[in-house]
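Chemist: One file: my_file.cif (mmCIF, C-alpha atoms).
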```cif
data_structure
#
loop_
_atom_site.label_atom_id
_atom_site.label_comp_id
_atom_site.auth_asym_id
_atom_site.auth_seq_id
_atom_site.Cartn_x
_atom_site.Cartn_y
_atom_site.Cartn_z
CA MET A 223 128.74 89.79 109.80
CA SER A 224 128.06 86.57 107.93
CA THR A 225 129.82 85.07 104.94
CA LEU A 226 128.49 83.32 101.87
CA GLN A 227 130.43 81.20 99.41
CA THR A 228 129.28 82.22 95.92
CA ARG A 229 130.49 81.50 92.40
CA PHE A 230 132.22 84.88 92.57
CA GLY A 231 134.08 84.00 95.75
CA GLU A 232 133.40 84.62 99.39
CA VAL A 233 131.02 87.48 100.15
CA GLU A 234 130.69 89.11 103.54
CA TYR A 235 127.36 90.61 104.49
CA ASP A 236 125.30 91.96 107.35
CA ALA A 237 122.03 90.00 107.70
CA LYS A 238 120.30 93.21 108.79
CA ASN A 239 121.02 94.90 105.46
CA LEU A 240 119.64 92.27 103.10
CA LEU A 241 117.27 93.23 100.32
CA HIS A 242 114.08 91.29 100.99
CA PHE A 243 111.71 90.02 98.28
CA PRO A 244 108.63 88.85 100.24
CA GLU A 245 107.36 86.95 97.20
CA GLY A 246 110.67 85.98 95.65
CA MET A 247 111.30 86.56 91.97
CA ILE A 248 108.74 85.49 89.37
CA GLY A 249 109.23 81.77 88.73
CA LEU A 250 111.75 81.67 91.59
CA PRO A 251 109.51 82.20 94.62
CA ASP A 252 112.06 80.82 97.10
CA LEU A 253 114.61 83.58 96.50
CA HIS A 254 113.75 86.00 99.29
CA ASP A 255 116.97 87.59 100.48
CA PHE A 256 119.73 89.22 98.48
CA ILE A 257 123.00 90.97 99.16
CA VAL A 258 123.31 94.18 97.16
CA MET A 259 126.84 93.99 95.81
CA PRO A 260 128.90 97.16 95.58
CA ASN A 261 129.80 98.21 92.05
CA ARG A 262 133.18 96.88 91.01
CA LYS A 263 133.17 99.25 88.08
CA GLU A 264 131.73 102.65 87.56
CA GLY A 265 128.55 102.42 85.54
CA PRO A 266 124.83 101.70 85.69
CA LEU A 267 125.01 97.94 86.24
CA PHE A 268 125.15 96.29 89.65
CA TRP A 269 124.21 92.91 90.93
CA ILE A 270 122.32 91.28 93.76
CA GLN A 271 123.49 87.98 95.18
CA SER A 272 120.93 85.49 96.48
CA VAL A 273 121.49 84.31 100.03
CA ASP A 274 118.95 81.52 99.64
CA ASN A 275 120.81 80.01 96.70
CA PRO A 276 124.48 81.10 96.49
CA ASP A 277 124.63 80.03 92.82
CA PHE A 278 122.06 82.68 91.87
CA ALA A 279 122.78 86.35 91.22
CA PHE A 280 120.90 88.90 89.12
CA VAL A 281 122.37 91.87 87.30
CA LEU A 282 120.13 94.91 87.74
CA THR A 283 119.99 98.47 86.49
CA ASP A 284 117.87 101.57 86.82
CA PRO A 285 116.07 101.51 83.44
CA THR A 286 115.86 105.30 83.30
CA ASN A 287 119.62 105.25 82.70
CA PHE A 288 118.67 104.08 79.20
CA PHE A 289 114.97 104.87 78.78
CA PHE A 290 114.31 108.30 80.19
CA ASP A 291 110.56 108.09 79.72
CA TYR A 292 110.09 104.74 81.44
CA ARG A 293 107.60 105.63 84.18
CA ILE A 294 105.66 103.07 86.14
CA VAL A 295 104.04 103.36 89.54
CA PRO A 296 103.35 100.70 92.16
CA ASP A 297 99.72 99.82 92.83
CA SER A 298 98.29 99.48 96.32
CA SER A 299 99.02 95.76 96.64
CA VAL A 300 102.69 96.39 95.79
CA LYS A 301 102.88 99.18 98.37
CA LEU A 302 101.34 96.88 100.94
CA ALA A 303 103.89 94.15 100.20
CA LEU A 304 106.73 96.68 100.36
CA GLN A 305 105.32 98.15 103.59
CA ILE A 306 105.34 101.71 102.34
CA GLU A 307 102.91 104.60 102.43
CA GLU A 308 101.82 106.87 99.61
CA GLU A 309 104.59 109.44 100.11
CA ASP A 310 107.46 106.99 100.64
CA PRO A 311 109.98 106.73 97.83
CA CYS A 312 109.73 103.73 95.54
CA PHE A 313 112.40 103.10 92.92
CA VAL A 314 112.22 101.06 89.75
CA LEU A 315 114.87 98.56 88.71
CA THR A 316 115.02 96.06 85.88
CA VAL A 317 116.65 92.68 85.43
CA VAL A 318 119.55 92.69 82.97
CA THR A 319 120.37 89.67 80.83
CA VAL A 320 124.05 89.41 79.88
CA PRO A 321 124.40 86.63 77.30
CA PRO A 322 127.81 85.36 76.20
CA ASP A 323 127.60 87.46 73.00
CA GLN A 324 127.21 90.52 75.26
CA ASN A 325 124.14 91.78 73.43
CA ILE A 326 122.56 92.69 76.70
CA THR A 327 118.85 93.21 77.17
CA ILE A 328 116.72 94.49 80.03
CA ASN A 329 113.29 93.25 81.00
CA LEU A 330 111.00 96.28 80.87
CA ALA A 331 107.90 94.05 80.97
CA ALA A 332 108.63 92.80 84.50
CA PRO A 333 110.29 95.55 86.52
CA ILE A 334 111.22 95.45 90.19
CA PHE A 335 109.90 98.00 92.66
CA PHE A 336 112.32 98.80 95.45
CA ALA A 337 111.40 100.60 98.67
CA SER A 338 114.45 102.06 100.38
CA LYS A 339 112.55 102.63 103.61
CA SER A 340 111.76 98.95 104.19
CA ASN A 341 114.59 97.48 102.09
CA ARG A 342 111.96 95.40 100.35
CA ALA A 343 111.53 94.71 96.67
CA MET A 344 109.04 93.05 94.40
CA GLN A 345 109.01 92.02 90.76
CA VAL A 346 105.76 92.66 88.91
CA ILE A 347 104.45 91.76 85.47
CA LEU A 348 102.99 94.80 83.70
CA ASP A 349 99.49 94.33 82.31
CA ASN A 350 98.77 95.08 78.66
CA THR A 351 102.16 96.58 78.06
CA ASN A 352 104.15 97.20 74.91
CA TYR A 353 107.38 96.94 76.87
CA GLN A 354 109.47 93.96 75.88
CA ILE A 355 110.93 91.17 78.02
CA LYS A 356 114.15 91.44 75.99
CA THR A 357 114.63 95.14 75.36
CA PRO A 358 118.03 95.88 73.80
CA LEU A 359 119.85 98.85 75.25
CA PRO A 360 119.87 101.84 72.93
CA ASN A 361 123.17 102.68 71.20
CA THR A 362 125.13 99.88 72.74
CA LYS A 363 127.53 97.80 70.75
CA LYS A 364 129.30 94.58 71.42
CA ALA A 365 132.37 95.00 73.59
CA MET B 6 95.04 68.20 87.26
CA LEU B 7 91.42 68.39 88.31
CA VAL B 8 89.17 68.65 85.25
CA LEU B 9 85.58 69.93 85.54
CA THR B 10 82.94 70.62 82.93
CA ARG B 11 81.10 73.94 83.26
CA LYS B 12 78.45 75.69 81.23
CA GLN B 13 78.37 79.37 80.38
CA GLY B 14 77.51 81.34 83.52
CA GLU B 15 78.62 78.58 85.85
CA GLY B 16 81.58 78.91 88.14
CA ILE B 17 84.16 77.26 90.32
CA VAL B 18 85.02 78.23 93.87
CA ILE B 19 88.61 77.70 95.05
CA GLY B 20 89.07 77.87 98.80
CA ASP B 21 87.04 80.59 100.47
CA ASP B 22 88.10 83.57 98.46
CA ILE B 23 88.51 82.74 94.77
CA VAL B 24 85.64 82.41 92.28
CA ILE B 25 86.20 81.65 88.59
CA LYS B 26 83.26 82.02 86.20
CA VAL B 27 82.78 81.13 82.57
CA ILE B 28 81.41 84.40 81.19
CA GLU B 29 81.14 83.70 77.49
CA MET B 30 82.21 81.25 74.81
CA LYS B 31 82.62 82.59 71.33
CA GLY B 32 84.60 81.51 68.30
CA GLY B 33 86.92 79.18 70.17
CA ASN B 34 87.64 81.75 72.87
CA ILE B 35 86.42 81.49 76.42
CA ARG B 36 86.01 84.62 78.52
CA ILE B 37 86.67 83.91 82.16
CA GLY B 38 85.83 86.12 85.12
CA ILE B 39 87.92 85.84 88.26
CA GLU B 40 87.12 87.18 91.71
CA ALA B 41 90.09 86.98 94.04
CA PRO B 42 91.65 88.98 96.86
CA HIS B 43 93.53 92.03 95.64
CA ASP B 44 96.93 90.69 96.73
CA LYS B 45 96.47 87.49 94.72
CA LYS B 46 98.37 87.89 91.49
CA ILE B 47 96.67 86.71 88.34
CA TYR B 48 98.63 86.35 85.11
CA ARG B 49 98.09 84.90 81.69
CA GLN B 50 100.07 81.68 81.89
CA GLU B 51 102.18 82.15 78.76
CA ILE B 52 103.29 85.61 79.95
CA TYR B 53 104.12 84.32 83.43
CA ASP B 54 106.11 81.47 81.85
CA ARG B 55 108.06 83.85 79.61
CA ILE B 56 109.00 86.09 82.53
CA SER B 57 110.05 83.05 84.56
CA GLN B 58 112.21 81.82 81.69
CA GLN B 59 113.77 85.24 81.26
CA ASN B 60 114.59 85.42 84.98
CA ILE B 61 116.27 82.03 84.80
CA GLU B 62 118.16 83.04 81.64
CA SER B 63 119.31 86.25 83.32
CA LEU B 64 120.99 84.22 86.07
CA GLN B 65 123.52 82.96 83.50
CA TRP B 66 126.22 85.60 83.29
CA ASN B 67 129.87 85.89 84.11
CA MET B 68 131.94 88.57 85.75
CA THR B 69 134.27 89.15 82.79
CA ASP B 70 131.36 90.02 80.49
CA LEU B 71 129.84 92.29 83.11
CA ASP B 72 133.14 94.09 83.70
CA SER B 73 133.77 94.80 80.02
CA LEU B 74 130.16 95.92 79.54
CA SER B 75 130.38 98.22 82.54
CA ASP B 76 133.53 99.77 81.08
CA ASN B 77 131.76 100.47 77.79
CA LEU B 78 128.60 101.80 79.37
CA SER B 79 130.40 104.10 81.78
CA VAL B 80 132.68 105.46 79.05
CA ARG B 81 129.69 106.21 76.89
CA ARG B 82 128.03 108.08 79.72
CA LYS B 83 131.09 110.19 80.36
CA LEU B 84 131.27 111.27 76.74
CA LYS B 85 127.81 112.81 76.88
#
```
What's the structure tokens form of this structure?
Modeler:
Amino acid sequence: MSTLQTRFGEVEYDAKNLLHFPEGMIGLPDLHDFIVMPNRKEGPLFWIQSVDNPDFAFVLTDPTNFFFDYRIVPDSSVKLALQIEEEDPCFVLTVVTVPPDQNITINLAAPIFFASKSNRAMQVILDNTNYQIKTPLPNTKKA
Amino acid sequence: MLVLTRKQGEGIVIGDDIVIKVIEMKGGNIRIGIEAPHDKKIYRQEIYDRISQQNIESLQWNMTDLDSLSDNLSVRRKLK
């Protein structure tokens, strides 16, 4: 086990279980490895902690928790990067923005594909999409 | 930045595997054709920049906000 000093305190992790982004996140290409943090609270939100930069952590969610008809599929270059075959499962996650006013949004225009088999993930930008970078969650109010 | 002048139909080769061609110029717009390996990602710059900015913005959050949001979201789900 290794430890990492983050802004949320010390985090213990197993280097073998890191979530690997071969290409980093868009605009942040140096962020390759993340610790998937266990949920502190019940609910759809969880976060991933960057190992490459301990100050960086993303809140993620499965967008189908909120948008049941959100269906996107990885193309062949994504599958290649994630090292998965046609029949292997590939899950979709989205980046959550939690501003101080708590009007949270999720980025449906640039989802993350996650392959459980390889523990790899990749953020993509959807072409010609009507999905918004700042999509408000339906029926959510300020806390 | 390297600046080159090209006419319609002319191109630019970058490295061994990327070709950019000026296809058409019309009404202030320029149509560009790009040949590149399939794994090379090509984005409109303003869209790429907006996603980058959003990613950076999404790094700014604190645990208290996340906790109270998680409480609300999970309660709402249980009510259904």
Chemist: Residues within 7 Å of range 277-284 of chain A, please, as a list in words. Count all atoms listed in the file; anything in the same chain fewer than 2 positions from it doesn't count.
Modeler: Thr228, Arg229, Pro266, Leu267, Phe268, Trp269, Ile270, Gln271, Ser272, Asn275, Thr286, Asn287, Val314, Leu315, Thr316, Val317 and Val318 of chain A; Ser63 and Leu64 of chain B
Chemist: Work out how far CA of Asp72 in chain B is from CA of Glu234 in chain A, in Å to one decimal.
Modeler: 20.6 Å
Chemist: Take CA of Leu359 in chain A and CA of Ile326 in chain A and report the distance between them in Å, one decimal.
Modeler: 6.9 Å
Chemist: So which one's closest to chain A, B:Ile35, B:Met68, B:Val18, B:Ile25? Using all atoms listed in the file, please.
Modeler: B:Met68
Chemist: What residues come out when you apply the PyMOL selection byres ((chain B) within 7 of (chain A)) to this file, written as a list in words?
Modeler: His43, Asp44, Ile56, Ser57, Ser63, Leu64, Trp66, Asp70, Asp72, Ser73, Leu74, Ser75, Asn77, Leu78 and Ser79 of chain B
Chemist: One decimal, Å: what's the distance from CA of Asp236 in chain A over to CA of Ser338 in chain A, could you say?
Modeler: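 Atom-to-atom, CA of Asp236 in chain A to CA of Ser338 in chain A, that is 16.4 Å.
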Chemist: Give as a list in words the residues that the PyMOL selection byres ((chain B and resi 39) around 8) matches when applied to the coordinates above.
Modeler: Ile23, Val24, Ile25, Lys26, Ile37, Gly38, Glu40 and Ala41 of chain B
Chemist: Step by step, work through what the PyMOL selection byres ((chain B and resi 14) around 10) selects in the shown file, and finish by giving those residues as an mmCIF file with C-alpha atoms, in the frame of the given file.
Modeler:
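Contents of result-v1.cif, as written:
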```cif
data_model
loop_
_atom_site.group_PDB
_atom_site.id
_atom_site.type_symbol
_atom_site.label_atom_id
_atom_site.label_comp_id
_atom_site.auth_asym_id
_atom_site.auth_seq_id
_atom_site.Cartn_x
_atom_site.Cartn_y
_atom_site.Cartn_z
ATOM 1 C CA ARG B 11 81.100 73.940 83.260
ATOM 2 C CA LYS B 12 78.450 75.690 81.230
ATOM 3 C CA GLN B 13 78.370 79.370 80.380
ATOM 4 C CA GLU B 15 78.620 78.580 85.850
ATOM 5 C CA GLY B 16 81.580 78.910 88.140
ATOM 6 C CA LYS B 26 83.260 82.020 86.200
ATOM 7 C CA VAL B 27 82.780 81.130 82.570
ATOM 8 C CA ILE B 28 81.410 84.400 81.190
ATOM 9 C CA GLU B 29 81.140 83.700 77.490
ATOM 10 C CA MET B 30 82.210 81.250 74.810
ATOM 11 C CA ILE B 37 86.670 83.910 82.160
ATOM 12 C CA GLY B 38 85.830 86.120 85.120
#
```
Chemist: Please determine an axis-aligned box that encloses all atoms of range 23-37 of chain B listed in the file, with 3 Å added on each side, and express its centre and edge lengths in Å to one decimal as AutoDock Vina command-line options.
Modeler:
```
--center_x 84.8 --center_y 81.9 --center_z 81.5 --size_x 13.4 --size_y 11.4 --size_z 32.5
```
Chemist: Nearest to Gln345 in chain A among A:Tyr292, A:His254, A:Asn239, A:Pro333, with distances taken over only C-alpha atoms: which residue is it?
Modeler: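 Going through A:Tyr292, A:His254, A:Asn239, A:Pro333 one by one, the smallest distance to Gln345 in chain A is for A:Pro333.
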